[in-house]
Each structure stands twice: as C-alpha cells, then as structure tokens.
>>> print(open('protein-v9.pdb').read())   # PDB, C-alpha atoms
ATOM      1  CA  MET I   1       0.000   0.000   0.000  1.00  0.00           C
ATOM      2  CA  LYS I   2       2.847   2.374   0.864  1.00  0.00           C
ATOM      3  CA  GLN I   3       4.515   1.768  -2.533  1.00  0.00           C
ATOM      4  CA  THR I   4       1.224   2.443  -4.290  1.00  0.00           C
ATOM      5  CA  LYS I   5       0.830   5.774  -2.483  1.00  0.00           C
ATOM      6  CA  SER I   6       4.379   6.845  -3.336  1.00  0.00           C
ATOM      7  CA  ALA I   7       3.893   5.787  -6.959  1.00  0.00           C
ATOM      8  CA  ILE I   8       0.669   7.792  -7.149  1.00  0.00           C
ATOM      9  CA  SER I   9       2.422  10.746  -5.535  1.00  0.00           C
ATOM     10  CA  LEU I  10       5.246  10.579  -8.092  1.00  0.00           C
ATOM     11  CA  VAL I  11       2.808  10.325 -10.991  1.00  0.00           C
ATOM     12  CA  THR I  12       0.886  13.303  -9.602  1.00  0.00           C
ATOM     13  CA  LYS I  13       4.090  15.354  -9.330  1.00  0.00           C
ATOM     14  CA  ILE I  14       5.092  14.477 -12.896  1.00  0.00           C
ATOM     15  CA  TYR I  15       1.626  15.375 -14.164  1.00  0.00           C
ATOM     16  CA  CYS I  16       1.579  18.657 -12.236  1.00  0.00           C
ATOM     17  CA  PHE I  17       5.068  19.526 -13.475  1.00  0.00           C
ATOM     18  CA  ARG I  18       4.051  18.834 -17.068  1.00  0.00           C
ATOM     19  CA  VAL I  19       0.847  20.862 -16.747  1.00  0.00           C
ATOM     20  CA  CYS I  20       2.712  23.780 -15.184  1.00  0.00           C
ATOM     21  CA  THR I  21       5.385  23.486 -17.866  1.00  0.00           C
ATOM     22  CA  LEU I  22       2.819  23.606 -20.640  1.00  0.00           C
ATOM     23  CA  LYS I  23       0.971  26.522 -19.081  1.00  0.00           C
ATOM     24  CA  GLY I  24       4.174  28.325 -18.122  1.00  0.00           C
ATOM     25  CA  ASN I  25       2.990  28.703 -14.523  1.00  0.00           C
ATOM     26  CA  PHE I  26       6.317  28.617 -12.762  1.00  0.00           C
ATOM     27  CA  THR I  27       9.375  30.758 -12.312  1.00  0.00           C
ATOM     28  CA  MET I  28      12.048  29.804 -14.796  1.00  0.00           C
ATOM     29  CA  THR I  29      15.301  29.051 -13.032  1.00  0.00           C
ATOM     30  CA  LEU I  30      18.194  27.557 -14.950  1.00  0.00           C
ATOM     31  CA  ILE I  31      17.496  24.071 -13.566  1.00  0.00           C
ATOM     32  CA  SER I  32      13.830  24.250 -14.575  1.00  0.00           C
ATOM     33  CA  LYS I  33      14.768  25.690 -17.960  1.00  0.00           C
ATOM     34  CA  ILE I  34      17.185  22.820 -18.687  1.00  0.00           C
ATOM     35  CA  VAL I  35      14.639  20.226 -17.540  1.00  0.00           C
ATOM     36  CA  ARG I  36      11.860  21.832 -19.568  1.00  0.00           C
ATOM     37  CA  LYS I  37      13.963  21.732 -22.737  1.00  0.00           C
ATOM     38  CA  ALA I  38      14.973  18.088 -22.175  1.00  0.00           C
ATOM     39  CA  LEU I  39      11.360  17.054 -21.582  1.00  0.00           C
ATOM     40  CA  ALA I  40      10.196  18.955 -24.659  1.00  0.00           C
ATOM     41  CA  THR I  41      12.864  17.496 -26.956  1.00  0.00           C
ATOM     42  CA  GLY I  42      13.202  14.081 -25.329  1.00  0.00           C
ATOM     43  CA  TYR I  43      16.968  14.599 -25.312  1.00  0.00           C
ATOM     44  CA  LEU I  44      19.527  15.686 -22.691  1.00  0.00           C
ATOM     45  CA  THR I  45      22.787  16.966 -24.160  1.00  0.00           C
ATOM     46  CA  VAL I  46      26.183  16.579 -22.517  1.00  0.00           C
ATOM     47  CA  ASP I  47      26.336  20.370 -22.083  1.00  0.00           C
ATOM     48  CA  ALA I  48      22.917  20.489 -20.422  1.00  0.00           C
ATOM     49  CA  GLU I  49      23.901  17.618 -18.127  1.00  0.00           C
ATOM     50  CA  GLU I  50      27.043  19.500 -17.082  1.00  0.00           C
ATOM     51  CA  GLN I  51      25.032  22.668 -16.447  1.00  0.00           C
ATOM     52  CA  LEU I  52      22.647  20.679 -14.260  1.00  0.00           C
ATOM     53  CA  ARG I  53      25.558  19.235 -12.272  1.00  0.00           C
ATOM     54  CA  GLN I  54      26.992  22.706 -11.700  1.00  0.00           C
ATOM     55  CA  GLN I  55      23.653  24.185 -10.694  1.00  0.00           C
ATOM     56  CA  LEU I  56      22.843  21.352  -8.304  1.00  0.00           C
ATOM     57  CA  GLN I  57      26.280  21.503  -6.659  1.00  0.00           C
ATOM     58  CA  MET I  58      26.901  25.239  -6.535  1.00  0.00           C
ATOM     59  CA  THR I  59      23.556  26.914  -5.979  1.00  0.00           C
ATOM     60  CA  LYS I  60      20.699  26.754  -3.564  1.00  0.00           C
ATOM     61  CA  TYR I  61      17.566  25.596  -5.275  1.00  0.00           C
ATOM     62  CA  GLY I  62      13.973  25.274  -4.221  1.00  0.00           C
ATOM     63  CA  LEU I  63      11.534  22.428  -4.082  1.00  0.00           C
ATOM     64  CA  GLU I  64      10.319  23.253  -7.588  1.00  0.00           C
ATOM     65  CA  ASP I  65      13.802  22.742  -9.051  1.00  0.00           C
ATOM     66  CA  PHE I  66      14.301  19.581  -7.022  1.00  0.00           C
ATOM     67  CA  GLU I  67      11.004  18.156  -8.268  1.00  0.00           C
ATOM     68  CA  ALA I  68      11.886  19.155 -11.839  1.00  0.00           C
ATOM     69  CA  PHE I  69      15.182  17.297 -11.541  1.00  0.00           C
ATOM     70  CA  ILE I  70      13.443  14.213 -10.114  1.00  0.00           C
ATOM     71  CA  THR I  71      10.977  14.340 -12.997  1.00  0.00           C
ATOM     72  CA  LEU I  72      13.858  14.439 -15.474  1.00  0.00           C
ATOM     73  CA  GLN I  73      15.527  11.467 -13.778  1.00  0.00           C
ATOM     74  CA  THR I  74      12.284   9.507 -13.973  1.00  0.00           C
ATOM     75  CA  GLU I  75      11.824  10.324 -17.645  1.00  0.00           C
ATOM     76  CA  VAL I  76      15.404   9.230 -18.394  1.00  0.00           C
ATOM     77  CA  MET I  77      15.000   5.976 -16.442  1.00  0.00           C
ATOM     78  CA  GLU I  78      11.763   5.192 -18.264  1.00  0.00           C
ATOM     79  CA  GLY I  79      13.364   5.895 -21.647  1.00  0.00           C
ATOM     80  CA  ARG I  80      11.334   8.954 -22.617  1.00  0.00           C
ATOM     81  CA  VAL I  81      14.390  11.224 -22.472  1.00  0.00           C
ATOM     82  CA  LYS I  82      17.651  10.064 -24.054  1.00  0.00           C
ATOM     83  CA  GLN I  83      21.079  11.094 -22.769  1.00  0.00           C
ATOM     84  CA  GLN I  84      23.650  12.174 -25.333  1.00  0.00           C
ATOM     85  CA  ALA I  85      26.434  10.970 -23.023  1.00  0.00           C
ATOM     86  CA  TRP I  86      25.142   7.372 -23.151  1.00  0.00           C
ATOM     87  CA  GLU I  87      24.768   7.512 -26.910  1.00  0.00           C
ATOM     88  CA  LEU I  88      28.334   8.763 -27.318  1.00  0.00           C
ATOM     89  CA  LEU I  89      29.624   6.061 -24.985  1.00  0.00           C
ATOM     90  CA  ARG I  90      27.694   3.354 -26.810  1.00  0.00           C
ATOM     91  CA  ASN I  91      28.928   4.571 -30.219  1.00  0.00           C
ATOM     92  CA  ASN I  92      32.504   4.692 -28.927  1.00  0.00           C
ATOM     93  CA  ASN I  93      32.260   1.136 -27.583  1.00  0.00           C
ATOM     94  CA  CYS I  94      30.814  -0.109 -30.880  1.00  0.00           C
ATOM     95  CA  SER I  95      33.567   1.500 -32.950  1.00  0.00           C
ATOM     96  CA  THR I  96      36.360   0.115 -30.731  1.00  0.00           C
ATOM     97  CA  ALA I  97      34.862  -3.371 -30.839  1.00  0.00           C
ATOM     98  CA  ALA I  98      34.892  -3.431 -34.633  1.00  0.00           C
TER      99      ALA I  98
END
>>> encode(input="protein-v9.pdb", output="structure tokens")
Amino acid sequence: MKQTKSAISLVTKIYCFRVCTLKGNFTMTLISKIVRKALATGYLTVDAEEQLRQQLQMTKYGLEDFEAFITLQTEVMEGRVKQQAWELLRNNNCSTAA
C-alpha cells in the first residue's frame, strides 16, 4: 500500500510539473529551464547535463527545481528522455569493438 501511495504521488508530481510546464505557470530558473527543454525534446545533451551538475552543486535551489530534476531522472530511467552521453559512450564502444 505504501509503494502504491508513493507511486501515485510521483505520478501526480510528474503530471503537475508537465501541466505547469505547458501553461508556463512557474518561475524559470536555470534548472527548470534545462529540464523543460529536455522534456520537450526528449533529449539531454552533454552540455545540459554538465550545467545541471553545476547548478545542483553550486547553488541553492527550491523544491520546484528539485522536483523538476526528479521528474527528469524519472523520464530518463523510463526511456522517454535520451542522454547524449550514453549515446556517445555506446557509439565509442561499438567502434572500438569493430
């Protein structure tokens, strides 16, 4: 039951984030801006990933940014957002194996 509640909570947060993103109802910080672009394109570039790392390590961020980042992680894990870094690594491994 506890897992079901947390799953529902996560789905609700993702839905709310997407609705707010589509309506533009939130303050655009750099973290949210990067996440919004990745969700819209379905792709996270190496540069965007590095910017996220820097922002998460060097700045204070609010709950909204934290939830945006969690949403991005979920989308990546579920395969709806691709990471350029993984594609580059995979292509490099394929070319060295040949």
>>> residues_around(input="protein-v9.pdb", residues="stretch 31-34 of chain I", least_positions_apart="5", cutoff="7 Å", atoms="all atoms listed in the file", output="CSV table (one decimal) with C-alpha atoms, in the frame of the given file")
chain,number,residue,atom,x,y,z
I,48,ALA,CA,22.9,20.5,-20.4
I,52,LEU,CA,22.6,20.7,-14.3
I,55,GLN,CA,23.7,24.2,-10.7
I,65,ASP,CA,13.8,22.7,-9.1
I,68,ALA,CA,11.9,19.2,-11.8
>>> atom_distance(input="protein-v9.pdb", atom1="atom CA of I:Thr41", atom2="atom CA of I:Glu67")
18.8 Å
>>> closest_residue(input="protein-v9.pdb", among="I:Gly62, I:Asn93, I:Gly79, I:Gln51", to="I:Leu39", atoms="all atoms listed in the file")
I:Gly79
>>> atom_distance(input="protein-v9.pdb", atom1="atom CA of I:Trp86", atom2="atom CA of I:Thr29")
25.9 Å
>>> residues_around(input="protein-v9.pdb", residues="I:Glu78", least_positions_apart="6", cutoff="12 Å", atoms="only C-alpha atoms", output="PyMOL selection string")
chain I and resi 42+71-72
>>> atom_distance(input="protein-v9.pdb", atom1="atom CA of I:Val46", atom2="atom CA of I:Ala85")
5.6 Å
>>> resolve_selection(input="protein-v9.pdb", expression="the PyMOL selection byres ((chain I and resi 75) around 12)", output="VMD selection string")
chain I and resid 10 to 11 14 to 15 18 35 to 36 38 to 44 68 to 74 76 to 83
>>> write_last_selection(input="protein-v9.pdb", atoms="C-alpha atoms", output="PDB file, in the coordinates of the input")
ATOM      1  CA  LEU I  10       5.246  10.579  -8.092  1.00  0.00           C
ATOM      2  CA  VAL I  11       2.808  10.325 -10.991  1.00  0.00           C
ATOM      3  CA  ILE I  14       5.092  14.477 -12.896  1.00  0.00           C
ATOM      4  CA  TYR I  15       1.626  15.375 -14.164  1.00  0.00           C
ATOM      5  CA  ARG I  18       4.051  18.834 -17.068  1.00  0.00           C
ATOM      6  CA  VAL I  35      14.639  20.226 -17.540  1.00  0.00           C
ATOM      7  CA  ARG I  36      11.860  21.832 -19.568  1.00  0.00           C
ATOM      8  CA  ALA I  38      14.973  18.088 -22.175  1.00  0.00           C
ATOM      9  CA  LEU I  39      11.360  17.054 -21.582  1.00  0.00           C
ATOM     10  CA  ALA I  40      10.196  18.955 -24.659  1.00  0.00           C
ATOM     11  CA  THR I  41      12.864  17.496 -26.956  1.00  0.00           C
ATOM     12  CA  GLY I  42      13.202  14.081 -25.329  1.00  0.00           C
ATOM     13  CA  TYR I  43      16.968  14.599 -25.312  1.00  0.00           C
ATOM     14  CA  LEU I  44      19.527  15.686 -22.691  1.00  0.00           C
ATOM     15  CA  ALA I  68      11.886  19.155 -11.839  1.00  0.00           C
ATOM     16  CA  PHE I  69      15.182  17.297 -11.541  1.00  0.00           C
ATOM     17  CA  ILE I  70      13.443  14.213 -10.114  1.00  0.00           C
ATOM     18  CA  THR I  71      10.977  14.340 -12.997  1.00  0.00           C
ATOM     19  CA  LEU I  72      13.858  14.439 -15.474  1.00  0.00           C
ATOM     20  CA  GLN I  73      15.527  11.467 -13.778  1.00  0.00           C
ATOM     21  CA  THR I  74      12.284   9.507 -13.973  1.00  0.00           C
ATOM     22  CA  VAL I  76      15.404   9.230 -18.394  1.00  0.00           C
ATOM     23  CA  MET I  77      15.000   5.976 -16.442  1.00  0.00           C
ATOM     24  CA  GLU I  78      11.763   5.192 -18.264  1.00  0.00           C
ATOM     25  CA  GLY I  79      13.364   5.895 -21.647  1.00  0.00           C
ATOM     26  CA  ARG I  80      11.334   8.954 -22.617  1.00  0.00           C
ATOM     27  CA  VAL I  81      14.390  11.224 -22.472  1.00  0.00           C
ATOM     28  CA  LYS I  82      17.651  10.064 -24.054  1.00  0.00           C
ATOM     29  CA  GLN I  83      21.079  11.094 -22.769  1.00  0.00           C
TER      30      GLN I  83
END
>>> closest_residue(input="protein-v9.pdb", among="I:Leu63, I:Thr96, I:Asn91, I:Gln54", to="I:Leu30", atoms="only C-alpha atoms")
I:Gln54
>>> axis_aligned_box(input="protein-v9.pdb", around="stretch 67-71 of chain I", padding_each_side="8 Å", output="lines of an AutoDock Vina configuration file")
center_x = 13.1
center_y = 16.7
center_z = -10.6
size_x = 20.2
size_y = 20.9
size_z = 20.7
